[in-house]
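Note: the block below is work.cif and it holds mmCIF, C-alpha atoms.
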data_work
#
loop_
_atom_site.label_atom_id
_atom_site.label_comp_id
_atom_site.auth_asym_id
_atom_site.auth_seq_id
_atom_site.Cartn_x
_atom_site.Cartn_y
_atom_site.Cartn_z
CA MET A 18 56.18 -92.25 -32.50
CA SER A 19 59.02 -91.76 -34.96
CA PHE A 20 58.80 -92.45 -38.66
CA PRO A 21 61.56 -93.17 -41.19
CA LEU A 22 62.43 -90.34 -43.52
CA SER A 23 61.16 -90.58 -47.08
CA PRO A 24 63.67 -91.07 -49.89
CA VAL A 25 63.04 -87.52 -51.08
CA SER A 26 63.79 -86.06 -47.67
CA THR A 27 67.27 -87.58 -47.69
CA SER A 28 68.25 -87.05 -51.32
CA THR A 29 66.32 -83.97 -52.42
CA SER A 30 65.55 -81.97 -49.28
CA THR A 31 67.84 -79.15 -50.40
CA SER A 32 66.03 -78.66 -53.69
CA THR A 33 62.57 -78.76 -52.12
CA SER A 34 63.44 -76.24 -49.43
CA SER A 35 65.50 -73.83 -51.53
CA SER A 36 63.26 -73.56 -54.57
CA SER A 37 59.71 -74.42 -55.55
CA LEU A 38 57.92 -77.59 -56.53
CA GLU A 39 58.89 -77.52 -60.21
CA ALA A 40 61.42 -80.29 -59.63
CA HIS A 41 58.54 -82.54 -58.59
CA GLY A 42 56.45 -81.71 -61.66
CA TRP A 43 54.53 -78.64 -60.51
CA ASP A 44 53.29 -76.49 -63.39
CA ALA A 45 50.74 -73.80 -64.26
CA GLY A 46 47.98 -76.38 -64.66
CA TRP A 47 48.47 -77.74 -61.15
CA ALA A 48 48.67 -74.19 -59.78
CA GLU A 49 45.33 -73.35 -61.38
CA SER A 50 43.70 -76.49 -59.94
CA PHE A 51 45.13 -75.69 -56.51
CA ALA A 52 43.89 -72.08 -56.42
CA PRO A 53 40.75 -72.81 -54.29
CA TYR A 54 42.91 -74.55 -51.67
CA ALA A 55 45.50 -71.78 -51.71
CA ALA A 56 42.67 -69.39 -50.83
CA GLN A 57 42.06 -71.51 -47.73
CA GLY A 58 45.71 -71.14 -46.66
CA LEU A 59 46.63 -74.75 -47.50
CA LEU A 60 50.01 -75.74 -48.93
CA PRO A 61 50.56 -77.71 -52.17
CA GLY A 62 52.78 -80.74 -52.11
CA ARG A 63 53.45 -84.01 -53.90
CA VAL A 64 52.97 -87.32 -52.10
CA VAL A 65 56.31 -89.16 -52.13
CA ARG A 66 55.35 -92.15 -49.98
CA VAL A 67 52.26 -93.59 -48.28
CA ASP A 68 52.23 -96.05 -45.40
CA ARG A 69 49.87 -96.92 -42.54
CA GLY A 70 47.38 -94.12 -43.09
CA GLN A 71 50.03 -91.43 -43.26
CA CYS A 72 52.15 -90.03 -46.06
CA ASP A 73 55.24 -87.97 -46.74
CA VAL A 74 54.52 -84.86 -48.81
CA ALA A 75 57.21 -82.78 -50.54
CA THR A 76 56.28 -79.09 -50.20
CA ALA A 77 58.18 -75.91 -51.06
CA HIS A 78 59.31 -75.84 -47.40
CA GLY A 79 60.54 -79.44 -47.27
CA VAL A 80 59.03 -82.87 -46.70
CA VAL A 81 56.24 -83.03 -44.13
CA ARG A 82 54.46 -85.97 -42.52
CA ALA A 83 50.68 -85.81 -42.88
CA ASP A 84 47.68 -87.91 -41.90
CA THR A 85 45.29 -89.03 -44.67
CA ALA A 86 42.20 -89.53 -42.48
CA PHE A 87 40.32 -86.64 -44.13
CA VAL A 88 40.72 -88.10 -47.64
CA THR A 89 40.08 -91.81 -47.12
CA PRO A 90 37.17 -92.62 -49.49
CA HIS A 91 35.24 -95.86 -49.78
CA ASP A 92 36.52 -96.30 -53.33
CA PRO A 93 40.01 -97.86 -53.12
CA LEU A 94 40.90 -96.21 -56.43
CA ARG A 95 40.60 -92.80 -54.78
CA VAL A 96 42.88 -93.34 -51.77
CA VAL A 97 45.95 -91.12 -51.46
CA CYS A 98 48.72 -92.56 -53.62
CA THR A 99 52.37 -91.85 -54.38
CA GLY A 100 52.44 -89.22 -57.12
CA ASP A 101 49.27 -87.42 -56.01
CA TRP A 102 49.28 -83.65 -55.59
CA ALA A 103 47.84 -82.80 -52.19
CA ALA A 104 46.61 -79.85 -50.16
CA VAL A 105 48.11 -80.04 -46.66
CA ASP A 106 47.79 -78.02 -43.50
CA PRO A 107 50.27 -75.16 -43.07
CA GLU A 108 52.82 -75.48 -40.29
CA GLY A 109 51.29 -75.18 -36.85
CA ALA A 110 47.70 -75.56 -38.10
CA SER A 111 47.20 -78.91 -36.38
CA ASP A 112 49.09 -81.73 -34.78
CA PRO A 113 49.28 -84.01 -36.63
CA ARG A 114 49.04 -82.21 -39.95
CA TYR A 115 46.46 -83.51 -42.41
CA VAL A 116 46.06 -83.94 -46.13
CA ARG A 117 42.83 -82.03 -46.71
CA ALA A 118 42.33 -82.90 -50.40
CA CYS A 119 44.02 -84.32 -53.49
CA LEU A 120 43.91 -82.66 -56.88
CA PRO A 121 42.19 -84.57 -59.73
CA ARG A 122 44.65 -86.98 -61.30
CA ARG A 123 45.82 -86.56 -64.87
CA THR A 124 46.71 -90.25 -65.13
CA ALA A 125 46.66 -93.27 -62.81
CA PHE A 126 48.25 -96.69 -63.13
CA ALA A 127 45.75 -99.18 -61.69
CA ARG A 128 45.43 -102.96 -61.52
CA SER A 129 42.90 -105.36 -60.02
CA THR A 130 43.72 -106.86 -56.63
CA SER A 131 43.56 -110.51 -55.68
CA SER A 132 40.54 -109.69 -53.51
CA LYS A 133 37.34 -111.61 -54.29
CA ARG A 134 35.53 -108.25 -54.08
CA SER A 135 37.03 -107.24 -57.45
CA GLU A 136 38.65 -104.06 -56.21
CA GLY A 137 41.10 -101.90 -58.10
CA GLN A 138 44.39 -100.63 -56.73
CA VAL A 139 46.21 -97.51 -57.87
CA LEU A 140 49.97 -98.07 -57.98
CA ALA A 141 51.05 -94.57 -59.02
CA ALA A 142 49.34 -91.29 -59.89
CA ASN A 143 50.07 -88.55 -62.41
CA VAL A 144 52.54 -90.64 -64.38
CA ASP A 145 53.86 -89.73 -67.85
CA HIS A 146 56.10 -92.74 -68.53
CA ALA A 147 55.71 -96.39 -67.48
CA VAL A 148 58.99 -98.33 -67.60
CA ILE A 149 58.24 -102.06 -67.65
CA THR A 150 61.35 -103.83 -66.38
CA VAL A 151 61.93 -107.38 -67.64
CA SER A 152 64.91 -109.46 -66.54
CA LEU A 153 66.98 -111.28 -69.13
CA ALA A 154 68.20 -113.64 -66.40
CA VAL A 155 65.11 -115.77 -67.04
CA GLU A 156 63.10 -116.79 -70.09
CA LEU A 157 60.98 -114.00 -71.55
CA ASP A 158 57.30 -114.11 -70.62
CA LEU A 159 55.71 -112.26 -73.53
CA GLY A 160 52.21 -112.68 -72.12
CA ARG A 161 53.18 -110.88 -68.92
CA ILE A 162 54.74 -108.06 -70.92
CA GLU A 163 51.45 -107.70 -72.83
CA ARG A 164 49.59 -107.43 -69.50
CA PHE A 165 51.86 -104.67 -68.26
CA LEU A 166 51.57 -102.86 -71.59
CA SER A 167 47.76 -103.03 -71.49
CA LEU A 168 47.69 -101.43 -68.04
CA ALA A 169 50.27 -98.83 -69.04
CA TRP A 170 48.39 -97.75 -72.18
CA GLU A 171 45.12 -97.66 -70.22
CA SER A 172 46.68 -95.39 -67.58
CA GLY A 173 47.48 -92.72 -70.16
CA ALA A 174 51.25 -93.12 -69.71
CA GLN A 175 53.72 -93.83 -72.50
CA PRO A 176 55.25 -97.27 -71.92
CA THR A 177 58.87 -98.29 -72.43
CA VAL A 178 60.13 -101.86 -72.04
CA VAL A 179 63.54 -102.23 -70.39
CA LEU A 180 65.34 -105.56 -70.75
CA SER A 181 67.50 -105.52 -67.62
CA LYS A 182 70.63 -107.58 -66.87
CA ALA A 183 71.63 -107.48 -70.54
CA ASP A 184 75.21 -108.35 -69.53
CA LEU A 185 73.94 -111.90 -68.88
CA VAL A 186 73.39 -112.23 -72.65
CA PRO A 187 76.92 -111.66 -74.01
CA ASP A 188 76.12 -112.79 -77.56
CA PRO A 189 74.93 -109.67 -79.47
CA VAL A 190 73.04 -111.80 -82.00
CA VAL A 191 71.03 -113.55 -79.27
CA LEU A 192 70.37 -110.20 -77.57
CA SER A 193 69.11 -108.68 -80.82
CA HIS A 194 66.72 -111.61 -81.29
CA LEU A 195 65.35 -111.12 -77.77
CA VAL A 196 64.82 -107.41 -78.46
CA GLU A 197 63.01 -108.27 -81.71
CA ASP A 198 60.74 -110.73 -79.87
CA VAL A 199 59.70 -108.01 -77.43
CA GLN A 200 59.31 -105.41 -80.20
CA GLY A 201 56.86 -107.77 -81.90
CA THR A 202 54.91 -107.88 -78.65
CA ALA A 203 55.05 -104.12 -78.07
CA PRO A 204 54.09 -102.19 -81.22
CA GLY A 205 54.82 -98.48 -80.89
CA VAL A 206 56.93 -99.01 -77.75
CA GLU A 207 60.66 -98.41 -77.38
CA VAL A 208 62.57 -101.50 -76.15
CA VAL A 209 65.88 -100.77 -74.38
CA PRO A 210 68.36 -103.47 -73.28
CA ILE A 211 70.12 -102.28 -70.14
CA SER A 212 72.90 -103.45 -67.85
CA SER A 213 73.31 -101.60 -64.58
CA ALA A 214 76.59 -103.51 -64.15
CA THR A 215 78.19 -102.19 -67.36
CA GLY A 216 76.11 -99.04 -67.85
CA GLU A 217 74.81 -100.20 -71.24
CA GLY A 218 71.55 -98.45 -72.12
CA VAL A 219 71.35 -96.40 -68.91
CA ASP A 220 71.98 -93.09 -70.70
CA THR A 221 69.29 -93.96 -73.25
CA LEU A 222 66.75 -94.57 -70.50
CA ARG A 223 67.90 -91.49 -68.59
CA ALA A 224 67.07 -89.38 -71.66
CA ILE A 225 63.61 -90.97 -71.91
CA VAL A 226 62.71 -90.26 -68.28
CA SER A 227 64.33 -86.82 -68.02
CA GLY A 228 60.99 -85.06 -68.37
CA GLY A 229 57.77 -85.77 -66.50
CA THR A 230 57.07 -88.56 -64.01
CA THR A 231 58.15 -92.15 -64.58
CA VAL A 232 56.99 -95.27 -62.75
CA LEU A 233 59.15 -98.41 -62.62
CA LEU A 234 57.13 -101.62 -62.90
CA GLY A 235 58.00 -105.31 -62.92
CA VAL A 236 58.08 -108.51 -60.92
CA SER A 237 60.43 -109.11 -57.97
CA GLY A 238 63.96 -109.74 -59.14
CA ALA A 239 63.57 -107.78 -62.37
CA GLY A 240 66.20 -105.26 -61.27
CA LYS A 241 63.99 -102.22 -60.62
CA SER A 242 65.80 -101.11 -57.46
CA THR A 243 69.21 -101.42 -59.13
CA LEU A 244 67.89 -99.41 -62.06
CA ALA A 245 66.45 -96.78 -59.71
CA ASN A 246 69.86 -96.38 -58.07
CA ALA A 247 71.50 -95.98 -61.49
CA LEU A 248 69.02 -93.29 -62.57
CA VAL A 249 69.09 -91.37 -59.28
CA GLY A 250 72.89 -91.56 -59.13
CA GLU A 251 73.12 -92.90 -55.58
CA ASP A 252 72.07 -95.94 -53.57
CA VAL A 253 68.57 -94.84 -52.61
CA MET A 254 67.14 -98.37 -52.74
CA THR A 255 68.39 -101.55 -51.08
CA VAL A 256 69.24 -104.29 -53.57
CA GLN A 257 68.89 -108.02 -52.90
CA ALA A 258 70.16 -110.86 -55.06
CA ALA A 259 67.71 -112.87 -57.13
CA ARG A 260 67.66 -116.67 -56.93
CA ASP A 261 69.83 -118.27 -59.60
CA VAL A 262 67.35 -121.09 -60.19
CA ASP A 263 64.45 -118.92 -61.43
CA GLY A 264 65.62 -115.32 -61.27
CA LYS A 265 63.03 -114.42 -58.65
CA GLY A 266 63.85 -112.06 -55.84
CA ARG A 267 62.42 -111.02 -52.51
CA HIS A 268 60.53 -107.75 -52.28
CA THR A 269 63.36 -105.21 -51.99
CA THR A 270 60.86 -102.35 -52.25
CA THR A 271 57.87 -102.55 -49.90
CA THR A 272 56.40 -99.10 -50.51
CA ARG A 273 56.09 -96.88 -53.56
CA ASN A 274 58.76 -94.18 -53.34
CA LEU A 275 59.17 -90.98 -55.35
CA PHE A 276 62.58 -89.49 -56.21
CA VAL A 277 63.65 -86.36 -58.05
CA LEU A 278 66.19 -87.25 -60.76
CA PRO A 279 69.37 -85.17 -61.00
CA GLY A 280 68.96 -84.68 -64.76
CA GLY A 281 65.31 -83.64 -64.46
CA GLY A 282 62.14 -85.66 -64.08
CA VAL A 283 60.64 -87.68 -61.27
CA LEU A 284 60.88 -91.44 -60.63
CA ILE A 285 58.44 -93.67 -58.72
CA ASP A 286 59.78 -97.09 -57.74
CA THR A 287 57.19 -99.76 -56.91
CA PRO A 288 57.28 -103.13 -55.14
CA GLY A 289 57.59 -106.22 -57.32
CA LEU A 290 54.20 -107.35 -58.60
CA ARG A 291 53.29 -111.02 -58.26
CA GLY A 292 49.93 -110.51 -59.94
CA VAL A 293 49.22 -108.22 -62.87
CA GLY A 294 45.43 -108.24 -63.08
CA LEU A 295 43.69 -105.99 -65.57
CA TRP A 296 41.34 -103.28 -64.36
CA ASP A 297 38.89 -101.85 -66.90
CA ALA A 298 41.63 -101.86 -69.52
CA GLU A 299 39.78 -102.60 -72.77
CA SER A 300 41.31 -99.68 -74.66
CA GLY A 301 44.74 -100.54 -73.26
CA VAL A 302 44.41 -104.11 -74.54
CA GLY A 303 43.37 -102.74 -77.93
CA GLN A 304 46.43 -100.52 -78.09
CA THR A 305 48.75 -103.35 -77.02
CA PHE A 306 47.36 -105.50 -79.83
CA ALA A 307 47.02 -102.66 -82.32
CA GLU A 308 47.80 -104.84 -85.34
CA ILE A 309 44.92 -107.21 -84.47
CA GLU A 310 42.52 -104.31 -84.01
CA GLU A 311 43.54 -102.96 -87.42
CA LEU A 312 43.00 -106.37 -89.02
CA ALA A 313 39.61 -106.74 -87.28
CA ALA A 314 38.46 -103.48 -88.86
CA GLU A 315 38.88 -105.16 -92.28
CA CYS A 316 36.74 -108.22 -91.42
CA ARG A 317 33.53 -108.66 -93.44
CA PHE A 318 31.38 -108.72 -90.30
CA HIS A 319 31.72 -106.03 -87.64
CA ASP A 320 31.08 -108.56 -84.84
CA CYS A 321 33.49 -111.15 -86.25
CA SER A 322 34.82 -113.50 -83.55
CA HIS A 323 37.83 -114.40 -85.75
CA GLN A 324 36.98 -118.08 -85.52
CA ALA A 325 35.43 -119.44 -88.72
CA GLU A 326 33.55 -116.52 -90.27
CA PRO A 327 34.01 -115.89 -94.01
CA GLY A 328 35.97 -112.80 -94.94
CA CYS A 329 37.88 -112.71 -91.63
CA ALA A 330 41.06 -110.63 -92.07
CA VAL A 331 42.47 -111.92 -88.77
CA ALA A 332 42.13 -115.55 -89.88
CA ALA A 333 43.79 -114.65 -93.18
CA ALA A 334 46.72 -113.10 -91.31
CA LEU A 335 47.08 -116.29 -89.27
CA GLU A 336 47.09 -118.35 -92.43
CA ASP A 337 49.77 -116.32 -94.21
CA GLY A 338 51.93 -116.09 -91.08
CA THR A 339 51.79 -112.32 -90.55
CA LEU A 340 50.01 -112.90 -87.20
CA SER A 341 51.02 -115.55 -84.67
CA VAL A 342 48.57 -117.88 -82.97
CA ARG A 343 50.14 -117.04 -79.58
CA ARG A 344 49.52 -113.34 -80.13
CA LEU A 345 45.84 -113.83 -81.03
CA GLU A 346 45.23 -116.21 -78.12
CA SER A 347 46.79 -113.70 -75.71
CA TYR A 348 44.56 -110.95 -77.14
CA HIS A 349 41.39 -113.01 -76.63
CA LYS A 350 42.51 -114.07 -73.15
CA LEU A 351 43.07 -110.52 -71.92
CA LEU A 352 39.81 -109.27 -73.44
CA ARG A 353 37.86 -112.08 -71.71
CA GLU A 354 39.59 -111.42 -68.40
CA ASN A 355 38.90 -107.72 -68.59
CA GLN A 356 35.27 -108.32 -69.52
CA ARG A 357 34.77 -110.63 -66.53
CA LEU A 358 36.24 -108.08 -64.13
CA VAL A 359 34.15 -105.22 -65.50
CA ALA A 360 31.01 -107.38 -65.46
CA LYS A 361 31.39 -107.96 -61.71
CA THR A 362 30.73 -104.27 -61.11
CA ASP A 363 28.49 -103.53 -64.12
CA ALA A 364 25.00 -105.07 -64.01
CA ARG A 365 24.17 -103.94 -67.56
CA LEU A 366 27.26 -105.62 -68.95
CA ARG A 367 26.48 -108.82 -67.05
CA HIS A 368 23.05 -108.82 -68.67
CA GLU A 369 24.55 -108.30 -72.13
CA ILE A 370 27.03 -111.14 -71.59
CA ARG A 371 24.23 -113.52 -70.56
CA LYS A 372 22.23 -112.52 -73.65
CA ASP A 373 25.27 -113.18 -75.83
CA TRP A 374 25.81 -116.60 -74.24
CA LYS A 375 22.15 -117.51 -74.83
CA ARG A 376 22.30 -116.30 -78.44
CA LYS A 377 25.43 -118.30 -79.18
CA GLY A 378 23.93 -121.35 -77.47
CA ALA A 379 20.77 -121.09 -79.56
CA GLU A 380 22.82 -120.69 -82.76
CA GLY A 381 24.88 -123.75 -81.86
CA ARG A 382 21.81 -125.86 -81.16
CA ALA A 383 20.20 -124.72 -84.41
CA ALA A 384 23.32 -125.59 -86.40
CA LEU A 385 23.48 -129.02 -84.76
CA ALA A 386 19.80 -129.69 -85.50
CA PHE A 387 20.32 -128.64 -89.12
CA LYS A 388 23.20 -131.10 -89.49
CA ARG A 389 21.18 -133.92 -87.94
CA GLU A 390 18.24 -133.21 -90.22
CA GLY A 391 20.54 -133.31 -93.24
CA ARG A 392 21.92 -136.69 -92.24
CA LEU A 393 18.42 -138.11 -91.75
CA ARG A 394 17.44 -137.12 -95.26
#
Using structure tokens, write down the structure that the file contains.
Amino acid sequence: MSFPLSPVSTSTSTSTSSSSLEAHGWDAGWAESFAPYAAQGLLPGRVVRVDRGQCDVATAHGVVRADTAFVTPHDPLRVVCTGDWAAVDPEGASDPRYVRACLPRRTAFARSTSSKRSEGQVLAANVDHAVITVSLAVELDLGRIERFLSLAWESGAQPTVVLSKADLVPDPVVLSHLVEDVQGTAPGVEVVPISSATGEGVDTLRAIVSGGTTVLLGVSGAGKSTLANALVGEDVMTVQAARDVDGKGRHTTTTRNLFVLPGGGVLIDTPGLRGVGLWDAESGVGQTFAEIEELAAECRFHDCSHQAEPGCAVAAALEDGTLSVRRLESYHKLLRENQRLVAKTDARLRHEIRKDWKRKGAEGRAALAFKREGRLR
């Protein structure tokens, strides 16, 4: 059976065979972690693509095809993923060659799947930067951006929001307002308007991703594949046109592919995401809504629900206009969603949630009875 070559094998095979793995992110820390496997005669390599139980691994001797049967755990979050560092058989050790182990991940970008079993899915491993690509060809969905940001912060990567297809917004005043809207949604995150057609903003993004590993994220039609081609400097990804009516596109990318960038750094392109479900991302949500968390710390009561409690700093911010209702509702929505997902796999948390529901129900009934008694008097 023949397999298609990985993107790295066609665009970076010279660098992988003529030098070491530094171009793919190899450093002293990875070498130290790999030492036990080196003693067994195994080779280090970075997974550049995974499909159908096999993967392409970039080693110092080139890209090799390896089977993942030996490292297929029951936990879907631990399956071999693009960006993993792997220990593979040396040449001639077996046919087919196998991935014998993966090194512990430094970071992992994970989301929940649409499965009713509440499983998580790792989209990319050992990522330093998460570039969230948002198309300006359609109306901004700030809530979706907040979801992506929550997952990015939770992964341990530094997020950047790219507003692609900026050439479709020729009025600089309108464009600046759109950038400001996203900046208000993404505190502490750089927002870069980009046009692959004109080159606007590409150099800025290239400087951001020139060190470490970057993952491109976004829905279909956001322009990720076009952006990947611009960063790599050649047409490594097929590009399909998005529909004019809603800006949506077909899945140009069907697997997660890793490329070495000519100016330094590594890029992982991912398929368009239809669903962006949270996965144990409470701290990521908190970082995305940092201003609300800071306000909550000033509330009179530590367990303030920011509804009608006296001394609520969040309610005060709503009243004076420094915090928007949309922003607070999005914060509560993502926290509730994350709590439900975690509760499905955490019996203790489910018990605590039921206790909280019962307590609130009892408080509500007591308040209602008090009001009725007052009216009867």
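Residues with any atom within 12 Å of Val206 of chain A, counting all atoms listed in the file and excluding same-chain neighbours fewer than 6 positions away, are His146, Ala147, Val148, Ile149, Ile162, Glu163, Leu166, Ser167, Ala169, Trp170, Ala174, Gln175, Pro176, Thr177, Val178, Val179, Val196, Glu197, Val199, Gln200, Ile225, Gln304, Thr305, Phe306 and Ala307 of chain A.
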Just C-alpha atoms for this one: save the residues we selected as an mmCIF file, in the coordinates of the input.
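So part31.cif came out as:
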data_model
loop_
_atom_site.group_PDB
_atom_site.id
_atom_site.type_symbol
_atom_site.label_atom_id
_atom_site.label_comp_id
_atom_site.auth_asym_id
_atom_site.auth_seq_id
_atom_site.Cartn_x
_atom_site.Cartn_y
_atom_site.Cartn_z
ATOM 1 C CA HIS A 146 56.100 -92.740 -68.530
ATOM 2 C CA ALA A 147 55.710 -96.390 -67.480
ATOM 3 C CA VAL A 148 58.990 -98.330 -67.600
ATOM 4 C CA ILE A 149 58.240 -102.060 -67.650
ATOM 5 C CA ILE A 162 54.740 -108.060 -70.920
ATOM 6 C CA GLU A 163 51.450 -107.700 -72.830
ATOM 7 C CA LEU A 166 51.570 -102.860 -71.590
ATOM 8 C CA SER A 167 47.760 -103.030 -71.490
ATOM 9 C CA ALA A 169 50.270 -98.830 -69.040
ATOM 10 C CA TRP A 170 48.390 -97.750 -72.180
ATOM 11 C CA ALA A 174 51.250 -93.120 -69.710
ATOM 12 C CA GLN A 175 53.720 -93.830 -72.500
ATOM 13 C CA PRO A 176 55.250 -97.270 -71.920
ATOM 14 C CA THR A 177 58.870 -98.290 -72.430
ATOM 15 C CA VAL A 178 60.130 -101.860 -72.040
ATOM 16 C CA VAL A 179 63.540 -102.230 -70.390
ATOM 17 C CA VAL A 196 64.820 -107.410 -78.460
ATOM 18 C CA GLU A 197 63.010 -108.270 -81.710
ATOM 19 C CA VAL A 199 59.700 -108.010 -77.430
ATOM 20 C CA GLN A 200 59.310 -105.410 -80.200
ATOM 21 C CA ILE A 225 63.610 -90.970 -71.910
ATOM 22 C CA GLN A 304 46.430 -100.520 -78.090
ATOM 23 C CA THR A 305 48.750 -103.350 -77.020
ATOM 24 C CA PHE A 306 47.360 -105.500 -79.830
ATOM 25 C CA ALA A 307 47.020 -102.660 -82.320
#
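Ranking A:Glu299, A:Val209, A:Leu278, A:Ala214 by their shortest atom-to-atom distance to Arg357 of chain A, with only C-alpha atoms included, puts A:Glu299 first.
For the atom pair formed by atom CA of Glu217 of chain A and atom CA of Thr231 of chain A, the distance is 19.7 Å, given to one decimal.
If only C-alpha atoms are the atoms counted, then among A:Thr89, A:Gly250, A:Gly42, A:Thr202 the closest residue to Gly160 of chain A is A:Thr202.
When all atoms listed in the file are used to compute distances to Val277 of chain A, the closest of the residues A:Gly100, A:Ala141, A:Asp68, A:Ala52 turns out to be A:Gly100.
Checking A:Val219, A:Phe51, A:Leu185, A:Arg164 one by one against Lys350 of chain A, counting only C-alpha atoms, you find the shortest gap at A:Arg164.
Taking only C-alpha atoms into account, Leu352 of chain A lies nearest to A:Ala298 out of the set A:Ala298, A:Ala333, A:Leu340, A:Ala314.
Atom CA of Leu120 of chain A is found 13.8 Å from atom CA of Thr85 of chain A.
Among A:Val331, A:Ala125, A:Val81, A:Leu60, the residue with the shortest atom-to-atom distance to Asn143 of chain A, counting all atoms listed in the file, is A:Ala125.
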Inset, instruction - Name the residues in contact with Ser50 of chain A at a cut-off of 12 Å, using all atoms listed in the file, excluding same-chain residues fewer than 3 positions from it; report them as a PyMOL selection string. - result: chain A and resi 43-47+53-56+61+102-104+118-123
Inset, instruction - Could you please determine the separation between atom CA of Phe318 of chain A and atom CA of Glu171 of chain A in Å, to one decimal place? - result: 26.7 Å
Inset, instruction - Name the residues in contact with Cys329 of chain A at a cut-off of 9 Å, using only C-alpha atoms, excluding same-chain residues fewer than 5 positions from it; report them as a PyMOL selection string. - result: chain A and resi 312-313+315-318+321-324+334
Legend entry - Given the PyMOL selection byres ((chain A and resi 218) around 12), the residues it picks as a ChimeraX atom specification: /A:178-184,208-217,219-225,244,247-248
Output C-alpha atoms of each residue in that selection to a file, as a PDB file, in the coordinates of the input.
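Wrote it out as result.pdb, contents follow:
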ATOM      1  CA  VAL A 178      60.130-101.860 -72.040  1.00  0.00           C
ATOM      2  CA  VAL A 179      63.540-102.230 -70.390  1.00  0.00           C
ATOM      3  CA  LEU A 180      65.340-105.560 -70.750  1.00  0.00           C
ATOM      4  CA  SER A 181      67.500-105.520 -67.620  1.00  0.00           C
ATOM      5  CA  LYS A 182      70.630-107.580 -66.870  1.00  0.00           C
ATOM      6  CA  ALA A 183      71.630-107.480 -70.540  1.00  0.00           C
ATOM      7  CA  ASP A 184      75.210-108.350 -69.530  1.00  0.00           C
ATOM      8  CA  VAL A 208      62.570-101.500 -76.150  1.00  0.00           C
ATOM      9  CA  VAL A 209      65.880-100.770 -74.380  1.00  0.00           C
ATOM     10  CA  PRO A 210      68.360-103.470 -73.280  1.00  0.00           C
ATOM     11  CA  ILE A 211      70.120-102.280 -70.140  1.00  0.00           C
ATOM     12  CA  SER A 212      72.900-103.450 -67.850  1.00  0.00           C
ATOM     13  CA  SER A 213      73.310-101.600 -64.580  1.00  0.00           C
ATOM     14  CA  ALA A 214      76.590-103.510 -64.150  1.00  0.00           C
ATOM     15  CA  THR A 215      78.190-102.190 -67.360  1.00  0.00           C
ATOM     16  CA  GLY A 216      76.110 -99.040 -67.850  1.00  0.00           C
ATOM     17  CA  GLU A 217      74.810-100.200 -71.240  1.00  0.00           C
ATOM     18  CA  VAL A 219      71.350 -96.400 -68.910  1.00  0.00           C
ATOM     19  CA  ASP A 220      71.980 -93.090 -70.700  1.00  0.00           C
ATOM     20  CA  THR A 221      69.290 -93.960 -73.250  1.00  0.00           C
ATOM     21  CA  LEU A 222      66.750 -94.570 -70.500  1.00  0.00           C
ATOM     22  CA  ARG A 223      67.900 -91.490 -68.590  1.00  0.00           C
ATOM     23  CA  ALA A 224      67.070 -89.380 -71.660  1.00  0.00           C
ATOM     24  CA  ILE A 225      63.610 -90.970 -71.910  1.00  0.00           C
ATOM     25  CA  LEU A 244      67.890 -99.410 -62.060  1.00  0.00           C
ATOM     26  CA  ALA A 247      71.500 -95.980 -61.490  1.00  0.00           C
ATOM     27  CA  LEU A 248      69.020 -93.290 -62.570  1.00  0.00           C
TER      28      LEU A 248
END
Inset, instruction - Output the residue selection produced by the PyMOL selection byres ((chain A and resi 285) around 8) on the file above, formatted as a PyMOL selection string. - result: chain A and resi 99-100+141+230-233+273-276+283-284+286-287
Writer output for current selection, C-alpha atoms, as a PDB file, in the frame of the given file:
ATOM      1  CA  THR A  99      52.370 -91.850 -54.380  1.00  0.00           C
ATOM      2  CA  GLY A 100      52.440 -89.220 -57.120  1.00  0.00           C
ATOM      3  CA  ALA A 141      51.050 -94.570 -59.020  1.00  0.00           C
ATOM      4  CA  THR A 230      57.070 -88.560 -64.010  1.00  0.00           C
ATOM      5  CA  THR A 231      58.150 -92.150 -64.580  1.00  0.00           C
ATOM      6  CA  VAL A 232      56.990 -95.270 -62.750  1.00  0.00           C
ATOM      7  CA  LEU A 233      59.150 -98.410 -62.620  1.00  0.00           C
ATOM      8  CA  ARG A 273      56.090 -96.880 -53.560  1.00  0.00           C
ATOM      9  CA  ASN A 274      58.760 -94.180 -53.340  1.00  0.00           C
ATOM     10  CA  LEU A 275      59.170 -90.980 -55.350  1.00  0.00           C
ATOM     11  CA  PHE A 276      62.580 -89.490 -56.210  1.00  0.00           C
ATOM     12  CA  VAL A 283      60.640 -87.680 -61.270  1.00  0.00           C
ATOM     13  CA  LEU A 284      60.880 -91.440 -60.630  1.00  0.00           C
ATOM     14  CA  ASP A 286      59.780 -97.090 -57.740  1.00  0.00           C
ATOM     15  CA  THR A 287      57.190 -99.760 -56.910  1.00  0.00           C
TER      16      THR A 287
END
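For Gly240 of chain A, the non-local neighbours within 8 Å, defined as residues at least 2 positions apart in the same chain or in other chains and counting only C-alpha atoms, are Thr150, Val151, Ser152, Ser181, Lys182, Ser237, Gly238, Ser242, Thr243 and Leu244 of chain A.
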